[in-house]
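Before any comments, here is the structure.
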Amino acid sequence: MKLFSKVDHPEIAWQAFSRKAMFDPRWYLRPQRLVMYQATTLISMAAQGAATYCMFKYKFLRQNINNLSMHTAHVHNVDIRATTILSMIFPALLGLVMNVAYFALLFYPGRKFSSRYNAIMGWLMAGVTIGMTATTLVSTVIVATHSASISGVDEATAQQLTDLYFRPPLKYQTWGQNIAWVVLMWITLALNFASAILMKVSSSHDSREGSNLIASVREDRTNGAVTIVPVPKEGMTSKVNVEEKVAPEGV
């Protein structure tokens with residue numbers, strides 16, 4: 001059954017999601033890339049969600065204290081709100097790039113993409129990785145060393161306001177949600193680097209070998225069939241024969 005019956009893309013089928021198809025050993029680093037890309041996407045979504053939660057909590061803290069004090073008290077926490085917004089943007093961009101790479105690899109494992117496509121994906125991955133690295137480092141420094149402050153009222157009034165609205169606290173490192181957000185960002189960054197390395201290595205392999213298929217192809221034009229015999233690795237003696245129908249010559 002095709003996912004899109006009205007579009008002539010026979011590769012886009014439910015069978016592509018089967019374990020046998022996804023972990024087909026004929027394709028260079030395909031199982032590793034599929035697992036890594038999907039893990040990166042999922043953890044980046046978790047980091048993005050944690051950052052979104054923290055951003056709104058500090059935004060509401062600022063609004064609530066300002067409203068309760070009749071707009072005389074002002075909470076200064078723009079530093080953490082800015083870093084949480086960046087922590088929402090770059091994981092989202094990372095997830096987008098990973099999803100493009102994931103589904104391209106899932107549905108078209110044997111396709112040799114153009115050098116332009118590989119260059120665009122490489123530059124996108126490099127830009128997102130730099131943004132993720134900078135955002136993660138800045139977020140870590142701000143949560144570990146910075147605190148929000150209140151101006152416009154005396155110290156006693158500020159203490160009363162923070163006693164009433166005690167969560168999230170003004171000192172960022174004392175709130176567990178901030179710690180969870182930063183930890184998820186570091187995990188995402190580690191997966192980001194791993195995915196970038198796999199993407200670069202596989203792209204170099206495809207450019208060098210002309211295909212990401214770990215196989216020698218023996219063509220038998222009888223009945224329009226192509227027999228694919230994987231090259232055994234050192235120490236391996238088993239061979240797998242796979243027949244794939246191709247269009248007859250001249251069509």
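Quick note on naming: the chains in the structure tokens go A, B, ... in the order shown, residues restart at 1 in each chain, and ligands are numbered from 1 in order of appearance.
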
Enumerate, in order of chain and increasing residue number, the residues of stretch 148-179 of chain A with an atom no farther than 10 Å from stretch 44-51 of chain A, each with its shortest atom pair and distance in Å to one decimal, counting only C-alpha atoms, as CSV.
residue,atom,partner,partner_atom,distance
A:Gln177,CA,A:Ala50,CA,7.3
A:Asn178,CA,A:Ala51,CA,8.0
A:Ile179,CA,A:Ala50,CA,9.7

Output file for the selection above: all heavy atoms, as a PDB file, in the first residue's frame:
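Once everything was written out, this is part.pdb:
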ATOM      1  N   GLN A 177      13.605  22.522  36.808  1.00  0.00           N
ATOM      2  CA  GLN A 177      13.212  22.564  35.399  1.00  0.00           C
ATOM      3  C   GLN A 177      14.287  23.210  34.532  1.00  0.00           C
ATOM      4  O   GLN A 177      14.481  22.804  33.381  1.00  0.00           O
ATOM      5  CB  GLN A 177      11.888  23.322  35.254  1.00  0.00           C
ATOM      6  CG  GLN A 177      10.658  22.524  35.680  1.00  0.00           C
ATOM      7  CD  GLN A 177      10.425  22.561  37.184  1.00  0.00           C
ATOM      8  OE1 GLN A 177      11.338  22.873  37.956  1.00  0.00           O
ATOM      9  NE2 GLN A 177       9.209  22.261  37.607  1.00  0.00           N
ATOM     10  N   ASN A 178      14.972  24.217  35.072  1.00  0.00           N
ATOM     11  CA  ASN A 178      16.070  24.819  34.322  1.00  0.00           C
ATOM     12  C   ASN A 178      17.210  23.825  34.123  1.00  0.00           C
ATOM     13  O   ASN A 178      17.824  23.764  33.048  1.00  0.00           O
ATOM     14  CB  ASN A 178      16.595  26.062  35.047  1.00  0.00           C
ATOM     15  CG  ASN A 178      15.635  27.228  34.972  1.00  0.00           C
ATOM     16  OD1 ASN A 178      14.816  27.322  34.063  1.00  0.00           O
ATOM     17  ND2 ASN A 178      15.721  28.133  35.935  1.00  0.00           N
ATOM     18  N   ILE A 179      17.494  23.052  35.151  1.00  0.00           N
ATOM     19  CA  ILE A 179      18.550  22.045  35.048  1.00  0.00           C
ATOM     20  C   ILE A 179      18.182  20.995  34.000  1.00  0.00           C
ATOM     21  O   ILE A 179      19.008  20.591  33.177  1.00  0.00           O
ATOM     22  CB  ILE A 179      18.803  21.379  36.410  1.00  0.00           C
ATOM     23  CG1 ILE A 179      19.124  22.438  37.485  1.00  0.00           C
ATOM     24  CG2 ILE A 179      19.927  20.360  36.302  1.00  0.00           C
ATOM     25  CD1 ILE A 179      20.338  23.273  37.174  1.00  0.00           C
TER      26      ILE A 179
END

For A:Tyr102, work out the shell of residues within 10 Å, counting only C-alpha atoms and skipping chain neighbours fewer than 6 positions away, then give it as a PyMOL selection string. chain A and resi 30+33-38+41+96+108

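Here atom CA of A:Leu189 is placed at a distance of 9.8 Å from atom CA of A:Thr135.
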
Taking 5 positions as the minimum chain separation for residues in the same chain, which residues sit within 9 Å of A:Leu137 when counting only C-alpha atoms? Answer as an NGL selection string. :A and (132 or 142 or 186)

Take atom CA of A:Thr83 and atom CA of A:Phe56 and report the distance between them in Å, one decimal.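 The value is 12.3 Å.
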